[in-house]
Amino acid sequence: MTTFNDLLIKQRSVVEFLAGEGCSAANIHAKMKTVYGEMCISDCAVRTWLTVEMKAQRKDMCTQLLERYNAEEAVFLQRILTGDES
């Protein structure tokens with residue numbers, strides 16, 4: 001039988017793998033919820049477990065998008081497609 005700690009270790013590995021594939025925290029949590037059901041970690045835990053490098057990468061991407069918005073203000077927002085990641 002899998003213990004709770006074993007389950008957490010497995011789930012952390014999944015978070016690291018999917019983050020390495022470029023999945024967002026919300027997307028990672030949704031995929032994990034499908035597999036682990038009620039035993040799945042919270043979306044908050046997924047965000048917490050992202051490595052410093054992954055967080056830095058996300059910050060860089062946001063900075064680039066803000067710079068692009070400042071340069072192309074009117075056109076930039078018209079090109080963004082949104083989707084519900086919950």
# chains A, B, ... in the order shown; residues from 1 in each chain; ligands from 1
$ residues_around --residues "Ala25 in chain A" --least-positions-apart "6" --cutoff "12 Å" --atoms "only C-alpha atoms" --output "short mmCIF file (atom, residue, chain, number, x, y, z; two decimals) with N, CA, C and O atoms, in the first residue's frame"
data_model
loop_
_atom_site.label_atom_id
_atom_site.label_comp_id
_atom_site.auth_asym_id
_atom_site.auth_seq_id
_atom_site.Cartn_x
_atom_site.Cartn_y
_atom_site.Cartn_z
N VAL A 14 5.89 14.46 -10.60
CA VAL A 14 5.01 14.80 -11.71
C VAL A 14 5.02 16.31 -11.95
O VAL A 14 5.11 16.77 -13.10
N VAL A 15 4.95 17.10 -10.88
CA VAL A 15 4.99 18.56 -11.00
C VAL A 15 6.28 18.99 -11.70
O VAL A 15 6.26 19.79 -12.64
N GLU A 16 7.41 18.46 -11.26
CA GLU A 16 8.70 18.84 -11.85
C GLU A 16 8.76 18.44 -13.32
O GLU A 16 9.25 19.20 -14.16
N PHE A 17 8.26 17.25 -13.65
CA PHE A 17 8.30 16.79 -15.04
C PHE A 17 7.43 17.68 -15.93
O PHE A 17 7.89 18.16 -16.97
N LEU A 18 6.18 17.89 -15.53
CA LEU A 18 5.27 18.68 -16.37
C LEU A 18 5.70 20.14 -16.47
O LEU A 18 5.56 20.76 -17.52
N ALA A 19 6.27 20.68 -15.39
CA ALA A 19 6.79 22.05 -15.45
C ALA A 19 7.95 22.13 -16.44
O ALA A 19 8.08 23.10 -17.19
N LYS A 31 -4.32 18.21 -14.70
CA LYS A 31 -3.92 16.88 -15.13
C LYS A 31 -3.78 15.93 -13.94
O LYS A 31 -4.19 14.78 -13.99
N MET A 32 -3.19 16.43 -12.87
CA MET A 32 -2.98 15.59 -11.69
C MET A 32 -4.30 15.24 -11.02
O MET A 32 -4.47 14.14 -10.50
N ILE A 41 -2.66 16.81 -4.64
CA ILE A 41 -2.24 18.00 -3.90
C ILE A 41 -3.03 19.21 -4.40
O ILE A 41 -3.61 19.17 -5.48
N SER A 42 -3.04 20.27 -3.64
CA SER A 42 -3.79 21.46 -4.02
C SER A 42 -3.05 22.23 -5.11
O SER A 42 -1.85 22.05 -5.33
N ASP A 43 -3.79 23.10 -5.81
CA ASP A 43 -3.14 23.93 -6.82
C ASP A 43 -2.12 24.87 -6.18
O ASP A 43 -1.10 25.19 -6.78
N CYS A 44 -2.36 25.25 -4.94
CA CYS A 44 -1.41 26.10 -4.19
C CYS A 44 -0.09 25.35 -3.98
O CYS A 44 0.99 25.93 -4.12
N ALA A 45 -0.16 24.07 -3.68
CA ALA A 45 1.05 23.27 -3.48
C ALA A 45 1.83 23.14 -4.78
O ALA A 45 3.06 23.19 -4.78
N VAL A 46 1.12 23.00 -5.89
CA VAL A 46 1.80 22.92 -7.19
C VAL A 46 2.62 24.19 -7.41
O VAL A 46 3.79 24.14 -7.77
N ARG A 47 2.02 25.35 -7.16
CA ARG A 47 2.73 26.62 -7.35
C ARG A 47 3.92 26.72 -6.40
O ARG A 47 4.98 27.23 -6.77
N THR A 48 3.77 26.25 -5.18
CA THR A 48 4.84 26.31 -4.20
C THR A 48 6.01 25.41 -4.60
O THR A 48 7.16 25.77 -4.38
N TRP A 49 5.70 24.27 -5.19
CA TRP A 49 6.74 23.31 -5.54
C TRP A 49 7.53 23.68 -6.79
O TRP A 49 8.55 23.06 -7.07
N LEU A 50 7.07 24.65 -7.55
CA LEU A 50 7.84 25.05 -8.73
C LEU A 50 9.20 25.56 -8.26
O LEU A 50 9.32 26.30 -7.30
N THR A 51 10.24 25.15 -8.95
CA THR A 51 11.59 25.51 -8.54
C THR A 51 11.85 27.00 -8.75
O THR A 51 11.13 27.67 -9.50
N MET A 54 12.21 27.76 -12.36
CA MET A 54 10.94 27.82 -13.07
C MET A 54 10.23 29.14 -12.79
O MET A 54 9.65 29.74 -13.69
N LYS A 55 10.27 29.59 -11.53
CA LYS A 55 9.65 30.86 -11.19
C LYS A 55 10.36 32.01 -11.89
O LYS A 55 9.72 32.95 -12.36
N ARG A 58 9.21 32.10 -15.46
CA ARG A 58 7.88 32.70 -15.57
C ARG A 58 7.96 34.22 -15.42
O ARG A 58 7.29 34.96 -16.14
N GLU A 85 -8.38 28.18 -17.31
CA GLU A 85 -7.43 27.14 -16.89
C GLU A 85 -7.81 26.51 -15.57
O GLU A 85 -7.02 25.80 -14.98
N SER A 86 -9.01 26.75 -15.09
CA SER A 86 -9.38 26.20 -13.79
C SER A 86 -9.83 24.78 -13.91
O SER A 86 -10.08 24.24 -14.91
#
$ select_by_dssp --residues "chain A" --states "alpha helix (DSSP H)" --output "short mmCIF file (atom, residue, chain, number, x, y, z; two decimals) with N, CA and C atoms, in the first residue's frame"
data_model
loop_
_atom_site.label_atom_id
_atom_site.label_comp_id
_atom_site.auth_asym_id
_atom_site.auth_seq_id
_atom_site.Cartn_x
_atom_site.Cartn_y
_atom_site.Cartn_z
N PHE A 4 1.10 8.03 2.45
CA PHE A 4 0.84 9.42 2.09
C PHE A 4 2.13 10.11 1.63
N ASN A 5 3.24 9.86 2.32
CA ASN A 5 4.52 10.45 1.94
C ASN A 5 4.99 9.97 0.57
N ASP A 6 4.78 8.68 0.28
CA ASP A 6 5.13 8.15 -1.04
C ASP A 6 4.32 8.86 -2.13
N LEU A 7 3.05 9.09 -1.84
CA LEU A 7 2.18 9.76 -2.79
C LEU A 7 2.64 11.19 -3.04
N LEU A 8 3.05 11.88 -1.99
CA LEU A 8 3.56 13.25 -2.15
C LEU A 8 4.83 13.28 -2.99
N ILE A 9 5.71 12.33 -2.77
CA ILE A 9 6.95 12.25 -3.54
C ILE A 9 6.64 12.02 -5.02
N LYS A 10 5.72 11.12 -5.30
CA LYS A 10 5.32 10.85 -6.68
C LYS A 10 4.73 12.10 -7.33
N GLN A 11 3.87 12.78 -6.60
CA GLN A 11 3.22 13.96 -7.15
C GLN A 11 4.22 15.10 -7.38
N ARG A 12 5.18 15.22 -6.51
CA ARG A 12 6.20 16.26 -6.71
C ARG A 12 7.00 15.97 -7.98
N SER A 13 7.30 14.71 -8.22
CA SER A 13 8.01 14.33 -9.45
C SER A 13 7.19 14.69 -10.69
N VAL A 14 5.89 14.46 -10.60
CA VAL A 14 5.01 14.80 -11.71
C VAL A 14 5.02 16.31 -11.95
N VAL A 15 4.95 17.10 -10.88
CA VAL A 15 4.99 18.56 -11.00
C VAL A 15 6.28 18.99 -11.70
N GLU A 16 7.41 18.46 -11.26
CA GLU A 16 8.70 18.84 -11.85
C GLU A 16 8.76 18.44 -13.32
N PHE A 17 8.26 17.25 -13.65
CA PHE A 17 8.30 16.79 -15.04
C PHE A 17 7.43 17.68 -15.93
N LEU A 18 6.18 17.89 -15.53
CA LEU A 18 5.27 18.68 -16.37
C LEU A 18 5.70 20.14 -16.47
N ALA A 19 6.27 20.68 -15.39
CA ALA A 19 6.79 22.05 -15.45
C ALA A 19 7.95 22.13 -16.44
N GLY A 20 8.76 21.09 -16.47
CA GLY A 20 9.86 21.02 -17.42
C GLY A 20 9.37 20.95 -18.86
N ALA A 25 1.08 25.99 -13.93
CA ALA A 25 0.69 25.38 -12.65
C ALA A 25 -0.77 24.93 -12.69
N ALA A 26 -1.63 25.74 -13.28
CA ALA A 26 -3.05 25.38 -13.36
C ALA A 26 -3.26 24.14 -14.22
N ASN A 27 -2.52 24.06 -15.32
CA ASN A 27 -2.62 22.90 -16.21
C ASN A 27 -2.09 21.65 -15.51
N ILE A 28 -0.98 21.79 -14.80
CA ILE A 28 -0.41 20.66 -14.06
C ILE A 28 -1.42 20.14 -13.05
N HIS A 29 -2.02 21.05 -12.29
CA HIS A 29 -2.98 20.63 -11.27
C HIS A 29 -4.18 19.93 -11.90
N ALA A 30 -4.67 20.45 -13.01
CA ALA A 30 -5.83 19.83 -13.67
C ALA A 30 -5.51 18.41 -14.12
N LYS A 31 -4.32 18.21 -14.70
CA LYS A 31 -3.92 16.88 -15.13
C LYS A 31 -3.78 15.93 -13.94
N MET A 32 -3.19 16.43 -12.87
CA MET A 32 -2.98 15.59 -11.69
C MET A 32 -4.30 15.24 -11.02
N LYS A 33 -5.22 16.18 -11.01
CA LYS A 33 -6.53 15.95 -10.39
C LYS A 33 -7.25 14.80 -11.10
N THR A 34 -7.06 14.71 -12.42
CA THR A 34 -7.66 13.63 -13.19
C THR A 34 -7.11 12.28 -12.76
N VAL A 35 -5.81 12.22 -12.49
CA VAL A 35 -5.16 10.96 -12.14
C VAL A 35 -5.33 10.61 -10.66
N TYR A 36 -5.07 11.59 -9.79
CA TYR A 36 -5.04 11.30 -8.35
C TYR A 36 -6.37 11.54 -7.62
N ASP A 43 -3.79 23.10 -5.81
CA ASP A 43 -3.14 23.93 -6.82
C ASP A 43 -2.12 24.87 -6.18
N CYS A 44 -2.36 25.25 -4.94
CA CYS A 44 -1.41 26.10 -4.19
C CYS A 44 -0.09 25.35 -3.98
N ALA A 45 -0.16 24.07 -3.68
CA ALA A 45 1.05 23.27 -3.48
C ALA A 45 1.83 23.14 -4.78
N VAL A 46 1.12 23.00 -5.89
CA VAL A 46 1.80 22.92 -7.19
C VAL A 46 2.62 24.19 -7.41
N ARG A 47 2.02 25.35 -7.16
CA ARG A 47 2.73 26.62 -7.35
C ARG A 47 3.92 26.72 -6.40
N THR A 48 3.77 26.25 -5.18
CA THR A 48 4.84 26.31 -4.20
C THR A 48 6.01 25.41 -4.60
N TRP A 49 5.70 24.27 -5.19
CA TRP A 49 6.74 23.31 -5.54
C TRP A 49 7.53 23.68 -6.79
N VAL A 52 12.89 27.49 -8.13
CA VAL A 52 13.28 28.89 -8.27
C VAL A 52 13.55 29.21 -9.75
N GLU A 53 14.19 28.27 -10.43
CA GLU A 53 14.49 28.47 -11.85
C GLU A 53 13.21 28.60 -12.66
N MET A 54 12.21 27.76 -12.36
CA MET A 54 10.94 27.82 -13.07
C MET A 54 10.23 29.14 -12.79
N LYS A 55 10.27 29.59 -11.53
CA LYS A 55 9.65 30.86 -11.19
C LYS A 55 10.36 32.01 -11.89
N ALA A 56 11.68 31.95 -11.99
CA ALA A 56 12.45 32.99 -12.69
C ALA A 56 12.08 33.01 -14.17
N GLN A 57 11.89 31.82 -14.74
CA GLN A 57 11.51 31.73 -16.15
C GLN A 57 10.14 32.36 -16.37
N ARG A 58 9.21 32.10 -15.46
CA ARG A 58 7.88 32.70 -15.57
C ARG A 58 7.96 34.22 -15.42
N LYS A 59 8.82 34.70 -14.51
CA LYS A 59 8.98 36.14 -14.32
C LYS A 59 9.55 36.78 -15.58
N ASP A 60 10.55 36.14 -16.19
CA ASP A 60 11.14 36.65 -17.43
C ASP A 60 10.09 36.75 -18.54
N MET A 61 9.26 35.73 -18.65
CA MET A 61 8.22 35.73 -19.66
C MET A 61 7.24 36.89 -19.43
N CYS A 62 6.85 37.10 -18.19
CA CYS A 62 5.94 38.20 -17.87
C CYS A 62 6.58 39.56 -18.18
N THR A 63 7.85 39.69 -17.88
CA THR A 63 8.57 40.93 -18.18
C THR A 63 8.60 41.18 -19.68
N GLN A 64 8.86 40.14 -20.46
CA GLN A 64 8.87 40.27 -21.91
C GLN A 64 7.50 40.69 -22.44
N LEU A 65 6.46 40.09 -21.88
CA LEU A 65 5.11 40.45 -22.31
C LEU A 65 4.76 41.89 -21.95
N LEU A 66 5.17 42.35 -20.78
CA LEU A 66 4.93 43.74 -20.39
C LEU A 66 5.69 44.71 -21.30
N GLU A 67 6.91 44.37 -21.64
CA GLU A 67 7.69 45.21 -22.56
C GLU A 67 7.02 45.27 -23.93
N ARG A 68 6.53 44.13 -24.37
CA ARG A 68 5.84 44.08 -25.66
C ARG A 68 4.56 44.90 -25.62
N TYR A 69 3.83 44.80 -24.51
CA TYR A 69 2.61 45.58 -24.36
C TYR A 69 2.93 47.08 -24.41
N ASN A 70 3.98 47.50 -23.73
CA ASN A 70 4.35 48.91 -23.74
C ASN A 70 4.74 49.39 -25.13
N ALA A 71 5.33 48.51 -25.93
CA ALA A 71 5.76 48.89 -27.28
C ALA A 71 4.60 48.86 -28.29
N GLU A 73 1.04 48.70 -27.58
CA GLU A 73 -0.14 48.76 -26.73
C GLU A 73 -1.47 48.43 -27.41
N ALA A 74 -1.82 49.14 -28.47
CA ALA A 74 -3.14 48.98 -29.07
C ALA A 74 -3.33 47.61 -29.71
N VAL A 75 -2.33 47.13 -30.41
CA VAL A 75 -2.44 45.88 -31.15
C VAL A 75 -2.23 44.66 -30.26
N PHE A 76 -1.40 44.81 -29.26
CA PHE A 76 -1.01 43.68 -28.41
C PHE A 76 -2.21 42.98 -27.77
N LEU A 77 -3.07 43.74 -27.12
CA LEU A 77 -4.21 43.14 -26.42
C LEU A 77 -5.22 42.51 -27.37
N GLN A 78 -5.28 43.00 -28.60
CA GLN A 78 -6.22 42.43 -29.57
C GLN A 78 -5.79 41.03 -30.01
#
